[in-house]
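Source file my_file_32.cif; content: mmCIF, C-alpha atoms.
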```
data_upload
loop_
_atom_site.group_PDB
_atom_site.id
_atom_site.type_symbol
_atom_site.label_atom_id
_atom_site.label_comp_id
_atom_site.auth_asym_id
_atom_site.auth_seq_id
_atom_site.Cartn_x
_atom_site.Cartn_y
_atom_site.Cartn_z
ATOM 1 C CA MET A 215 62.769 67.434 -16.315
ATOM 2 C CA ASP A 216 62.868 65.204 -13.263
ATOM 3 C CA SER A 217 65.861 62.866 -13.109
ATOM 4 C CA SER A 218 64.136 60.224 -11.009
ATOM 5 C CA PHE A 219 63.400 56.605 -11.753
ATOM 6 C CA PHE A 220 60.093 55.443 -10.255
ATOM 7 C CA GLY A 221 60.253 58.389 -7.887
ATOM 8 C CA ILE A 222 63.751 57.437 -6.715
ATOM 9 C CA GLY A 223 66.517 59.983 -7.214
ATOM 10 C CA MET A 224 70.016 59.279 -8.496
ATOM 11 C CA ASN A 225 71.554 59.351 -5.013
ATOM 12 C CA GLU A 226 69.083 56.765 -3.751
ATOM 13 C CA LEU A 227 69.774 54.526 -6.764
ATOM 14 C CA ILE A 228 73.504 54.663 -6.082
ATOM 15 C CA VAL A 229 72.930 53.662 -2.449
ATOM 16 C CA ILE A 230 70.659 50.793 -3.559
ATOM 17 C CA PHE A 231 73.283 49.535 -6.039
ATOM 18 C CA ILE A 232 76.036 49.712 -3.418
ATOM 19 C CA LEU A 233 73.886 47.807 -0.892
ATOM 20 C CA ALA A 234 72.987 45.233 -3.548
ATOM 21 C CA ALA A 235 76.679 44.762 -4.355
ATOM 22 C CA ILE A 236 77.447 44.211 -0.673
ATOM 23 C CA VAL A 237 74.530 41.847 -0.050
ATOM 24 C CA LEU A 238 74.691 39.870 -3.293
ATOM 25 C CA GLY A 239 78.403 39.980 -3.910
ATOM 26 C CA PRO A 240 79.984 40.740 -7.269
ATOM 27 C CA GLU A 241 79.310 37.360 -8.905
ATOM 28 C CA ARG A 242 75.633 37.133 -7.966
ATOM 29 C CA MET A 243 75.064 40.814 -8.696
ATOM 30 C CA VAL A 244 76.251 40.334 -12.282
ATOM 31 C CA ARG A 245 73.930 37.337 -12.676
ATOM 32 C CA VAL A 246 70.981 39.195 -11.141
ATOM 33 C CA ALA A 247 71.631 42.255 -13.339
ATOM 34 C CA ARG A 248 71.790 40.031 -16.427
ATOM 35 C CA GLN A 249 68.497 38.342 -15.508
ATOM 36 C CA ALA A 250 66.875 41.707 -14.807
ATOM 37 C CA GLY A 251 68.042 42.927 -18.220
ATOM 38 C CA LYS A 252 66.508 39.874 -19.904
ATOM 39 C CA HIS A 253 63.215 40.424 -18.092
ATOM 40 C CA ILE A 254 63.175 44.097 -19.043
ATOM 41 C CA ARG A 255 63.896 43.264 -22.706
ATOM 42 C CA ASN A 256 61.116 40.648 -22.683
ATOM 43 C CA LEU A 257 58.720 43.162 -21.137
ATOM 44 C CA GLN A 258 59.655 45.787 -23.726
ATOM 45 C CA ALA A 259 59.112 43.292 -26.555
ATOM 46 C CA TYR A 260 55.752 42.278 -25.099
ATOM 47 C CA LEU A 261 54.630 45.888 -24.687
ATOM 48 C CA SER A 262 55.781 46.721 -28.205
ATOM 49 C CA SER A 263 53.814 43.762 -29.569
ATOM 50 C CA LEU A 264 50.772 44.740 -27.536
ATOM 51 C CA THR A 265 51.009 48.325 -28.756
ATOM 52 C CA GLY A 266 51.184 47.135 -32.364
ATOM 53 C CA GLU A 267 48.163 44.890 -31.931
ATOM 54 C CA LEU A 268 46.142 47.645 -30.267
ATOM 55 C CA LYS A 269 47.059 50.096 -33.030
ATOM 56 C CA SER A 270 45.996 47.547 -35.626
ATOM 57 C CA GLU A 271 42.665 46.988 -33.890
ATOM 58 C CA LEU A 272 42.048 50.721 -33.572
ATOM 59 C CA ASP A 273 42.840 51.200 -37.261
ATOM 60 C CA ILE A 274 40.263 48.512 -38.101
ATOM 61 C CA LEU A 275 37.689 50.284 -35.917
ATOM 62 C CA ASP A 276 38.435 53.587 -37.656
ATOM 63 C CA ASP A 277 37.969 51.905 -41.027
ATOM 64 C CA LEU A 278 34.663 50.441 -39.883
ATOM 65 C CA LYS A 279 33.493 53.875 -38.728
ATOM 66 C CA GLU A 280 34.368 55.310 -42.144
ATOM 67 C CA VAL A 281 32.471 52.519 -43.921
ATOM 68 C CA LYS A 282 29.470 53.030 -41.643
ATOM 69 C CA LYS A 283 29.556 56.783 -42.292
ATOM 70 C CA ASP A 284 29.758 56.182 -46.066
ATOM 71 C CA LEU A 285 26.797 53.792 -45.937
ATOM 72 C CA LYS A 286 24.653 56.405 -44.186
ATOM 73 C CA LYS A 287 25.170 58.864 -47.065
#
```
What is this file in structure tokens?
Amino acid sequence: MDSSFFGIGMNELIVIFILAAIVLGPERMVRVARQAGKHIRNLQAYLSSLTGELKSELDILDDLKEVKKDLKK
């Protein structure tokens, strides 16, 4: 199993976080991390909703295929 995140290894992530802490400062980094967390949670909720809707639509299509197959008999 590869321990990379978007093709970036753990060492690179640590360097990025250290540079972000230096550039943003501790107060802004906390705020930026909090905002990023909110955006990620919103994206996860959206993708979960989208997945549910797609599954529902595919289930309806499967049901329609079954009905069509039964009508042909």
### CA of Leu272 in chain A to CA of Ala259 in chain A, straight-line distance in Å
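That distance, rounded to one decimal, is 19.9 Å.
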### Task
Report the distance between CA of Leu227 in chain A and CA of His253 in chain A in Å, rounded to one decimal place.
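If I compute the distance from CA of Leu227 in chain A to CA of His253 in chain A, I get 19.2 Å.
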#### Entry: Length of the CA of Ala234 in chain A to CA of Leu261 in chain A vector [Å]
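CA of Ala234 in chain A sits 28.0 Å away from CA of Leu261 in chain A.
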### Message
So, with all atoms listed in the file as the atoms that count, which of A:Met243, A:Ile274, A:Ser263, A:Lys286 lies closest to Phe231 in chain A?
### Response
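Distance minimum relative to Phe231 in chain A lands on A:Met243.
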Is it possible to add N, CA and C atoms to range 251-284 of chain A and hand it back as an mmCIF file, in the coordinates of the input?
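As a result, selection_22.cif now contains:
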```cif
data_model
loop_
_atom_site.group_PDB
_atom_site.id
_atom_site.type_symbol
_atom_site.label_atom_id
_atom_site.label_comp_id
_atom_site.auth_asym_id
_atom_site.auth_seq_id
_atom_site.Cartn_x
_atom_site.Cartn_y
_atom_site.Cartn_z
ATOM 1 N N GLY A 251 67.992 42.397 -16.859
ATOM 2 C CA GLY A 251 68.042 42.927 -18.220
ATOM 3 C C GLY A 251 67.222 42.089 -19.184
ATOM 4 N N LYS A 252 67.298 40.756 -19.042
ATOM 5 C CA LYS A 252 66.508 39.874 -19.904
ATOM 6 C C LYS A 252 65.017 40.088 -19.675
ATOM 7 N N HIS A 253 64.630 40.205 -18.403
ATOM 8 C CA HIS A 253 63.215 40.424 -18.092
ATOM 9 C C HIS A 253 62.737 41.766 -18.633
ATOM 10 N N ILE A 254 63.556 42.771 -18.527
ATOM 11 C CA ILE A 254 63.175 44.097 -19.043
ATOM 12 C C ILE A 254 63.045 44.054 -20.557
ATOM 13 N N ARG A 255 63.984 43.388 -21.243
ATOM 14 C CA ARG A 255 63.896 43.264 -22.706
ATOM 15 C C ARG A 255 62.639 42.501 -23.109
ATOM 16 N N ASN A 256 62.334 41.410 -22.386
ATOM 17 C CA ASN A 256 61.116 40.648 -22.683
ATOM 18 C C ASN A 256 59.870 41.504 -22.476
ATOM 19 N N LEU A 257 59.858 42.282 -21.407
ATOM 20 C CA LEU A 257 58.720 43.162 -21.137
ATOM 21 C C LEU A 257 58.583 44.216 -22.226
ATOM 22 N N GLN A 258 59.698 44.796 -22.654
ATOM 23 C CA GLN A 258 59.655 45.787 -23.726
ATOM 24 C C GLN A 258 59.134 45.174 -25.016
ATOM 25 N N ALA A 259 59.581 43.964 -25.341
ATOM 26 C CA ALA A 259 59.112 43.292 -26.555
ATOM 27 C C ALA A 259 57.610 43.009 -26.460
ATOM 28 N N TYR A 260 57.171 42.553 -25.291
ATOM 29 C CA TYR A 260 55.752 42.278 -25.099
ATOM 30 C C TYR A 260 54.921 43.553 -25.243
ATOM 31 N N LEU A 261 55.371 44.628 -24.608
ATOM 32 C CA LEU A 261 54.630 45.888 -24.687
ATOM 33 C C LEU A 261 54.623 46.442 -26.107
ATOM 34 N N SER A 262 55.720 46.278 -26.817
ATOM 35 C CA SER A 262 55.781 46.721 -28.205
ATOM 36 C C SER A 262 54.792 45.927 -29.060
ATOM 37 N N SER A 263 54.752 44.617 -28.846
ATOM 38 C CA SER A 263 53.814 43.762 -29.569
ATOM 39 C C SER A 263 52.376 44.145 -29.239
ATOM 40 N N LEU A 264 52.110 44.360 -27.973
ATOM 41 C CA LEU A 264 50.772 44.740 -27.536
ATOM 42 C C LEU A 264 50.366 46.077 -28.148
ATOM 43 N N THR A 265 51.285 47.025 -28.166
ATOM 44 C CA THR A 265 51.009 48.325 -28.756
ATOM 45 C C THR A 265 50.676 48.191 -30.234
ATOM 46 N N GLY A 266 51.444 47.360 -30.945
ATOM 47 C CA GLY A 266 51.184 47.135 -32.364
ATOM 48 C C GLY A 266 49.822 46.518 -32.607
ATOM 49 N N GLU A 267 49.466 45.532 -31.782
ATOM 50 C CA GLU A 267 48.163 44.890 -31.931
ATOM 51 C C GLU A 267 47.026 45.870 -31.646
ATOM 52 N N LEU A 268 47.182 46.660 -30.590
ATOM 53 C CA LEU A 268 46.142 47.645 -30.267
ATOM 54 C C LEU A 268 45.997 48.683 -31.375
ATOM 55 N N LYS A 269 47.114 49.134 -31.932
ATOM 56 C CA LYS A 269 47.059 50.096 -33.030
ATOM 57 C C LYS A 269 46.350 49.485 -34.231
ATOM 58 N N SER A 270 46.643 48.238 -34.518
ATOM 59 C CA SER A 270 45.996 47.547 -35.626
ATOM 60 C C SER A 270 44.483 47.461 -35.406
ATOM 61 N N GLU A 271 44.089 47.093 -34.204
ATOM 62 C CA GLU A 271 42.665 46.988 -33.890
ATOM 63 C C GLU A 271 41.978 48.351 -33.976
ATOM 64 N N LEU A 272 42.641 49.378 -33.501
ATOM 65 C CA LEU A 272 42.048 50.721 -33.572
ATOM 66 C C LEU A 272 41.942 51.197 -35.014
ATOM 67 N N ASP A 273 42.916 50.853 -35.843
ATOM 68 C CA ASP A 273 42.840 51.200 -37.261
ATOM 69 C C ASP A 273 41.652 50.505 -37.917
ATOM 70 N N ILE A 274 41.412 49.241 -37.556
ATOM 71 C CA ILE A 274 40.263 48.512 -38.101
ATOM 72 C C ILE A 274 38.968 49.182 -37.664
ATOM 73 N N LEU A 275 38.895 49.596 -36.397
ATOM 74 C CA LEU A 275 37.689 50.284 -35.917
ATOM 75 C C LEU A 275 37.472 51.603 -36.649
ATOM 76 N N ASP A 276 38.557 52.336 -36.899
ATOM 77 C CA ASP A 276 38.435 53.587 -37.656
ATOM 78 C C ASP A 276 37.928 53.322 -39.066
ATOM 79 N N ASP A 277 38.438 52.263 -39.684
ATOM 80 C CA ASP A 277 37.969 51.905 -41.027
ATOM 81 C C ASP A 277 36.492 51.544 -41.013
ATOM 82 N N LEU A 278 36.076 50.800 -39.987
ATOM 83 C CA LEU A 278 34.663 50.441 -39.883
ATOM 84 C C LEU A 278 33.784 51.671 -39.686
ATOM 85 N N LYS A 279 34.253 52.636 -38.916
ATOM 86 C CA LYS A 279 33.493 53.875 -38.728
ATOM 87 C C LYS A 279 33.350 54.618 -40.046
ATOM 88 N N GLU A 280 34.423 54.642 -40.836
ATOM 89 C CA GLU A 280 34.368 55.310 -42.144
ATOM 90 C C GLU A 280 33.381 54.607 -43.070
ATOM 91 N N VAL A 281 33.399 53.278 -43.075
ATOM 92 C CA VAL A 281 32.471 52.519 -43.921
ATOM 93 C C VAL A 281 31.040 52.786 -43.474
ATOM 94 N N LYS A 282 30.807 52.775 -42.168
ATOM 95 C CA LYS A 282 29.470 53.030 -41.643
ATOM 96 C C LYS A 282 28.999 54.421 -42.010
ATOM 97 N N LYS A 283 29.904 55.408 -41.939
ATOM 98 C CA LYS A 283 29.556 56.783 -42.292
ATOM 99 C C LYS A 283 29.229 56.879 -43.793
ATOM 100 N N ASP A 284 29.993 56.165 -44.617
ATOM 101 C CA ASP A 284 29.758 56.182 -46.066
ATOM 102 C C ASP A 284 28.446 55.516 -46.411
#
```
